Every structure is written in structure tokens, then in C-alpha cells.
Number of protein chains: 2
Amino acid sequence: MREISPENISGFVVGEGCFYVESGKDPKYKLGYRVRAAFCIELREDDREILEAIQETLGCGNIYQLNFGRYKNYSKKNWKPHVKYRVSNQNEIIHKVIPFFEKYPLFGKKKKSFDVFTKIVKKIEFKEHLTPYGLEETKKLVSELKSLNKKGM
Amino acid sequence: MREISPENISGFVVGEGCFYVESGKDPKYKLGYRVRAAFCIELREDDREILEAIQETLGCGNIYQLNFGRYKNYSKKNWKPHVKYRVSNQNEIIHKVIPFFEKYPLFGKKKKSFDVFTKIVKKIEFKEHLTPYGLEETKKLVSELKSLNKKGM
């Protein structure tokens, strides 16, 4: 496949990427609450090479074959096999994913999601989410992000 | 909204655009068969400004509010209002849409669809589809394009 330029990637991610935060009660964490940022793109398997090109450009993340849960027996349900590219390492989110999309900006609603996502990641980076006040602020942002990401057809 | 670059657009269209051909029996046409090429992007209404930016860059096409048929009563069905950008004027397809995506190339499976689409449009441009042999060739390409565009989740 031809090379995909960084601006191609930001355009593609506006349509297909997702910036999200996994959060919830977890006794293993200080304050009993876990907040982890992640970035993913899910595609049909026959476009796997797009994910490989993005992985190479961003220099991080993993690609997973999706064949569990709702993906099981997909051929019977007229589902096609899917693959997912995912970055969940917080250092890579901070030092690779965010700087990339600051340099090659997103647009539309995805840009708004990304801006809120970035605010949350800054809190994680500076460990603000480990103080009671910072955690409350973080939770508000997570809820804002969820509502921006809400799908609905 | 910030300006969307041409390479952003090609990246975005890989995820969200559709190159297709409307064809079928139609007594108004020579040989009784109609072949018309079109390009469209359908989005949720809250990203309408992306379509407006693309319309401006390509210098053609119209934007439609979708509120008919399956879009009716969408709020009850948890559907969000949608808008569609569409270019169906054959001259604009030939002189604006195709040259744009030749200059700022697509990638992945969408590139394959675009290549077959371009072959069909060349036949339309040179009126080959108005000869019995050319029409048969065109039909084969249309069927190839349909199978490339097949969705399936």
C-alpha cells in the first residue's frame, strides 16, 4: 500500500478513531478509582494494512484480532472479521499520541473529544487524579468525554 | 472550524465516503439502461461543517438533510439526524471529484473502490456505455464496485 501521510491519518481518525477513558472503582488504585486513557481504531480485517501504517507512523500501540464476545460466529450473523488498533500505555498516549494530533490536528466533533481527552490525560500526567479534588474534576471531564463520544446511529 | 487540508479530506473519505453507481433498466436511455456515477458522504448532523468544508474544497455537490424513509421518527429509534453530501452531476464527477482524489490519493479498500469507479466514469465520459459491448463491460465493473462497497458490519 502507498504511504499514508500524517494529515491523511488525522483525517481518517476523525471518521474512525476513538479517544476514550476507562474508569471505575478499583481497590488496587489510590482513592479506589481507576482512570486510564486509551486511543483505538476498529476496522474490518480487510483494511488491516491501514492500521499497520498508522501503528508505524505513531510508533506505538498494538493490533488485535477481534474474535471474542459479540464477534464470535460473526460469519453466521453477516459480521465481517474485525481488527483493532489500540494504544493504552499512558506514556505513549502522553508522548506519542497527543503530540501527533496536536501537530496534525483533527476537526469536527472528534476535535472536541480530543480536547477533553487531552485535559484528562494532563491530569493523569501530573497525577492530579490522585488527589480527591483532582479526581472529582477528572470524573467531570470523563463524563463530558463520554457524552461527546456517544454513538447513536 | 479550522481549515481541513486536501490530505485530511482524502483520509476522511477513506473512512466515510462512498463512490457508487446507480444503474438499472430505464426506457428513457439509449439501450434501455441507465448508468450514473455518484459520490457521497453521510454524517450525523452535528458534523455538518465537515461536509461544508469538503463541498467548498471540491467546488461542487449539494448537502441534504435526511429526514425521509428510514430517517423518519429517528429520535424514537435513537437515530440522530443525518446529513448527506452528494455529487451526482457527471461533469463534476469527471472534472472535479476524480482529479481531486487522483491528486490526493485514497488508500486501503476505498482506493480499490475508487479505481473501479474511475474506470466506469471513463466509460461514461467517452460514451462507451452507450454501445452494447461497452455497456456489458460497464455492467461487469458496476458489479465489481458493488461487491467492493458491500458493507456488512
# chains A, B, ... in the order shown; residues from 1 in each chain; ligands from 1
>>> closest_atom_pairs(of="chain A", to="chain B", cutoff="12 Å", atoms="only C-alpha atoms", output="CSV")
residue,atom,partner,partner_atom,distance
A:Met1,CA,B:Phe107,CA,7.1
A:Arg2,CA,B:Phe107,CA,7.0
A:Glu3,CA,B:Phe107,CA,8.4
A:Ile4,CA,B:Phe107,CA,7.3
A:Ser5,CA,B:Glu7,CA,7.6
A:Pro6,CA,B:Glu7,CA,8.6
A:Glu7,CA,B:Asn8,CA,5.1
A:Asn8,CA,B:Gly11,CA,4.0
A:Ile9,CA,B:Gly11,CA,6.0
A:Ser10,CA,B:Asn8,CA,6.3
A:Gly11,CA,B:Asn8,CA,4.0
A:Phe12,CA,B:Phe12,CA,4.3
A:Val13,CA,B:Phe12,CA,7.3
A:Val14,CA,B:Phe12,CA,6.6
A:Gly15,CA,B:Gly15,CA,5.7
A:Glu16,CA,B:Gly15,CA,6.3
A:Gly17,CA,B:Gly15,CA,9.8
A:Ile41,CA,B:Gly15,CA,10.9
A:Glu42,CA,B:Gly15,CA,11.0
A:Leu43,CA,B:Gly15,CA,9.3
A:Arg44,CA,B:Met153,CA,7.9
A:Glu45,CA,B:Lys109,CA,10.6
A:Asp46,CA,B:Lys109,CA,7.4
A:Asp47,CA,B:Gly108,CA,5.8
A:Arg48,CA,B:Gly108,CA,8.4
A:Glu49,CA,B:Gly108,CA,7.1
A:Ile50,CA,B:Gly108,CA,6.2
A:Leu51,CA,B:Gly108,CA,9.8
A:Glu52,CA,B:Gly108,CA,11.1
A:Ala53,CA,B:Gly108,CA,10.3
A:Ile54,CA,B:Gly11,CA,11.7
A:Arg70,CA,B:Met153,CA,11.5
A:Tyr71,CA,B:Met153,CA,10.1
A:Tyr74,CA,B:Met153,CA,9.1
A:Ser75,CA,B:Gly152,CA,9.9
A:Lys76,CA,B:Gly152,CA,11.6
A:Lys77,CA,B:Met153,CA,9.1
A:Asn78,CA,B:Gly152,CA,6.1
A:Trp79,CA,B:Met153,CA,4.9
A:Lys80,CA,B:Met153,CA,5.8
A:Pro81,CA,B:Met153,CA,8.6
A:His82,CA,B:Met153,CA,8.7
A:Tyr104,CA,B:Asn8,CA,9.1
A:Pro105,CA,B:Arg2,CA,8.9
A:Leu106,CA,B:Asn8,CA,8.6
A:Phe107,CA,B:Arg2,CA,7.0
A:Gly108,CA,B:Asp47,CA,5.8
A:Lys109,CA,B:Asp47,CA,6.3
A:Lys110,CA,B:Asp47,CA,9.1
A:Lys111,CA,B:Met1,CA,9.7
A:Lys112,CA,B:Met1,CA,10.8
A:Leu148,CA,B:Asp46,CA,10.8
A:Lys150,CA,B:Lys80,CA,10.7
A:Lys151,CA,B:Lys80,CA,9.0
A:Gly152,CA,B:Trp79,CA,5.8
A:Met153,CA,B:Trp79,CA,4.9
>>> select_by_dssp(residues="region 37-150 of chain A", states="strand (DSSP E)", output="VMD selection string")
chain A and resid 37 to 44 62 to 66 82 to 87
>>> write_last_selection(atoms="N, CA and C atoms", output="mmCIF file, in the first residue's frame")
data_model
loop_
_atom_site.group_PDB
_atom_site.id
_atom_site.type_symbol
_atom_site.label_atom_id
_atom_site.label_comp_id
_atom_site.auth_asym_id
_atom_site.auth_seq_id
_atom_site.Cartn_x
_atom_site.Cartn_y
_atom_site.Cartn_z
ATOM 1 N N ALA A 37 -6.443 6.339 30.138
ATOM 2 C CA ALA A 37 -6.769 6.869 28.811
ATOM 3 C C ALA A 37 -6.368 5.877 27.722
ATOM 4 N N ALA A 38 -7.119 5.847 26.655
ATOM 5 C CA ALA A 38 -6.782 4.955 25.535
ATOM 6 C C ALA A 38 -7.246 5.548 24.211
ATOM 7 N N PHE A 39 -6.599 5.091 23.151
ATOM 8 C CA PHE A 39 -6.958 5.512 21.799
ATOM 9 C C PHE A 39 -7.112 4.262 20.963
ATOM 10 N N CYS A 40 -8.164 4.173 20.179
ATOM 11 C CA CYS A 40 -8.309 2.975 19.348
ATOM 12 C C CYS A 40 -8.967 3.278 18.000
ATOM 13 N N ILE A 41 -8.750 2.382 17.082
ATOM 14 C CA ILE A 41 -9.424 2.406 15.773
ATOM 15 C C ILE A 41 -9.819 0.971 15.476
ATOM 16 N N GLU A 42 -11.089 0.761 15.162
ATOM 17 C CA GLU A 42 -11.537 -0.590 14.824
ATOM 18 C C GLU A 42 -11.987 -0.617 13.369
ATOM 19 N N LEU A 43 -11.478 -1.580 12.621
ATOM 20 C CA LEU A 43 -11.812 -1.683 11.195
ATOM 21 C C LEU A 43 -12.104 -3.122 10.828
ATOM 22 N N ARG A 44 -12.654 -3.299 9.644
ATOM 23 C CA ARG A 44 -12.770 -4.653 9.131
ATOM 24 C C ARG A 44 -11.373 -5.158 8.785
ATOM 25 N N ASN A 62 -0.828 -1.581 19.714
ATOM 26 C CA ASN A 62 -0.911 -2.966 19.256
ATOM 27 C C ASN A 62 -2.152 -3.178 18.398
ATOM 28 N N ILE A 63 -2.075 -4.212 17.572
ATOM 29 C CA ILE A 63 -3.226 -4.556 16.728
ATOM 30 C C ILE A 63 -3.768 -5.914 17.181
ATOM 31 N N TYR A 64 -5.062 -5.966 17.430
ATOM 32 C CA TYR A 64 -5.694 -7.177 17.921
ATOM 33 C C TYR A 64 -6.723 -7.692 16.937
ATOM 34 N N GLN A 65 -6.755 -9.002 16.816
ATOM 35 C CA GLN A 65 -7.818 -9.665 16.065
ATOM 36 C C GLN A 65 -9.024 -9.761 16.990
ATOM 37 N N LEU A 66 -10.178 -9.332 16.547
ATOM 38 C CA LEU A 66 -11.359 -9.385 17.418
ATOM 39 C C LEU A 66 -12.171 -10.638 17.109
ATOM 40 N N HIS A 82 -13.096 -8.346 12.338
ATOM 41 C CA HIS A 82 -12.595 -7.003 12.640
ATOM 42 C C HIS A 82 -11.223 -7.067 13.312
ATOM 43 N N VAL A 83 -10.503 -5.986 13.161
ATOM 44 C CA VAL A 83 -9.231 -5.827 13.882
ATOM 45 C C VAL A 83 -9.257 -4.474 14.592
ATOM 46 N N LYS A 84 -8.529 -4.411 15.699
ATOM 47 C CA LYS A 84 -8.496 -3.168 16.473
ATOM 48 C C LYS A 84 -7.054 -2.746 16.744
ATOM 49 N N TYR A 85 -6.796 -1.479 16.481
ATOM 50 C CA TYR A 85 -5.519 -0.870 16.864
ATOM 51 C C TYR A 85 -5.772 -0.137 18.163
ATOM 52 N N ARG A 86 -4.898 -0.321 19.150
ATOM 53 C CA ARG A 86 -5.161 0.272 20.456
ATOM 54 C C ARG A 86 -3.862 0.709 21.126
ATOM 55 N N VAL A 87 -3.882 1.927 21.637
ATOM 56 C CA VAL A 87 -2.770 2.426 22.463
ATOM 57 C C VAL A 87 -3.336 2.640 23.854
#
>>> select_by_dssp(residues="chain A", states="alpha helix (DSSP H)", output="PyMOL selection string")
chain A and resi 6-16+48-58+90-92+98-103+108-125+132-149
>>> atom_distance(atom1="CA of Phe101 (chain A)", atom2="CA of Ser23 (chain A)")
22.9 Å
>>> atom_distance(atom1="CA of Phe117 (chain B)", atom2="CA of Glu56 (chain B)")
22.5 Å
>>> atom_distance(atom1="CA of Ser147 (chain A)", atom2="CA of Lys119 (chain A)")
15.3 Å
>>> residues_around(residues="Leu130 (chain B)", least_positions_apart="6", cutoff="10 Å", atoms="only C-alpha atoms", output="VMD selection string")
chain B and resid 29 to 35 123 to 124 136 138
>>> write_last_selection(atoms="N, CA and C atoms", output="mmCIF file, in the first residue's frame")
data_model
loop_
_atom_site.group_PDB
_atom_site.id
_atom_site.type_symbol
_atom_site.label_atom_id
_atom_site.label_comp_id
_atom_site.auth_asym_id
_atom_site.auth_seq_id
_atom_site.Cartn_x
_atom_site.Cartn_y
_atom_site.Cartn_z
ATOM 1 N N TYR B 29 -33.305 5.872 -21.558
ATOM 2 C CA TYR B 29 -31.917 5.878 -22.017
ATOM 3 C C TYR B 29 -31.752 4.994 -23.254
ATOM 4 N N LYS B 30 -30.777 5.349 -24.068
ATOM 5 C CA LYS B 30 -30.394 4.519 -25.196
ATOM 6 C C LYS B 30 -30.008 3.143 -24.625
ATOM 7 N N LEU B 31 -30.305 2.088 -25.297
ATOM 8 C CA LEU B 31 -30.097 0.709 -24.842
ATOM 9 C C LEU B 31 -30.977 0.355 -23.638
ATOM 10 N N GLY B 32 -31.838 1.302 -23.222
ATOM 11 C CA GLY B 32 -32.774 0.998 -22.130
ATOM 12 C C GLY B 32 -32.117 0.766 -20.787
ATOM 13 N N TYR B 33 -30.933 1.317 -20.603
ATOM 14 C CA TYR B 33 -30.210 1.063 -19.348
ATOM 15 C C TYR B 33 -29.491 2.332 -18.913
ATOM 16 N N ARG B 34 -29.654 2.662 -17.657
ATOM 17 C CA ARG B 34 -29.089 3.889 -17.110
ATOM 18 C C ARG B 34 -27.857 3.568 -16.255
ATOM 19 N N VAL B 35 -26.805 4.363 -16.415
ATOM 20 C CA VAL B 35 -25.591 4.224 -15.592
ATOM 21 C C VAL B 35 -25.177 5.623 -15.161
ATOM 22 N N LYS B 123 -15.699 5.247 -18.935
ATOM 23 C CA LYS B 123 -16.609 4.687 -19.947
ATOM 24 C C LYS B 123 -17.776 5.641 -20.195
ATOM 25 N N ILE B 124 -18.274 6.211 -19.097
ATOM 26 C CA ILE B 124 -19.375 7.178 -19.247
ATOM 27 C C ILE B 124 -18.875 8.408 -20.012
ATOM 28 N N GLU B 136 -21.933 -3.857 -21.601
ATOM 29 C CA GLU B 136 -21.663 -5.127 -20.899
ATOM 30 C C GLU B 136 -20.421 -4.999 -20.026
ATOM 31 N N THR B 138 -19.251 -2.261 -18.791
ATOM 32 C CA THR B 138 -19.599 -1.356 -17.688
ATOM 33 C C THR B 138 -20.350 -2.104 -16.597
#
>>> residues_around(residues="region 98-100 of chain A", least_positions_apart="2", cutoff="9 Å", atoms="only C-alpha atoms", output="compact mmCIF listing (two decimals) with C-alpha atoms, in the first residue's frame")
# COMPACT_ATOMS: atom_id res chain seq x y z
CA PRO A 6 0.22 12.27 8.75
CA SER A 10 -5.72 12.79 11.15
CA LEU A 58 2.69 6.75 15.62
CA GLU A 92 2.71 6.54 24.82
CA ILE A 93 -0.61 8.40 24.99
CA ILE A 94 1.22 11.36 26.60
CA HIS A 95 4.38 11.39 24.49
CA LYS A 96 3.25 9.98 21.14
CA GLU A 102 -1.54 18.42 18.15
CA LYS A 103 0.82 18.62 15.19
CA TYR A 104 -1.68 17.23 12.65
CA PRO A 105 -4.97 18.48 14.05
CA PHE A 114 -9.73 15.04 21.61
CA THR A 118 -6.15 15.82 26.38
CA VAL A 121 -4.52 12.97 30.15
>>> residues_around(residues="Ser143 (chain B)", least_positions_apart="6", cutoff="10 Å", atoms="only C-alpha atoms", output="ChimeraX atom specification")
/B:21,116,149
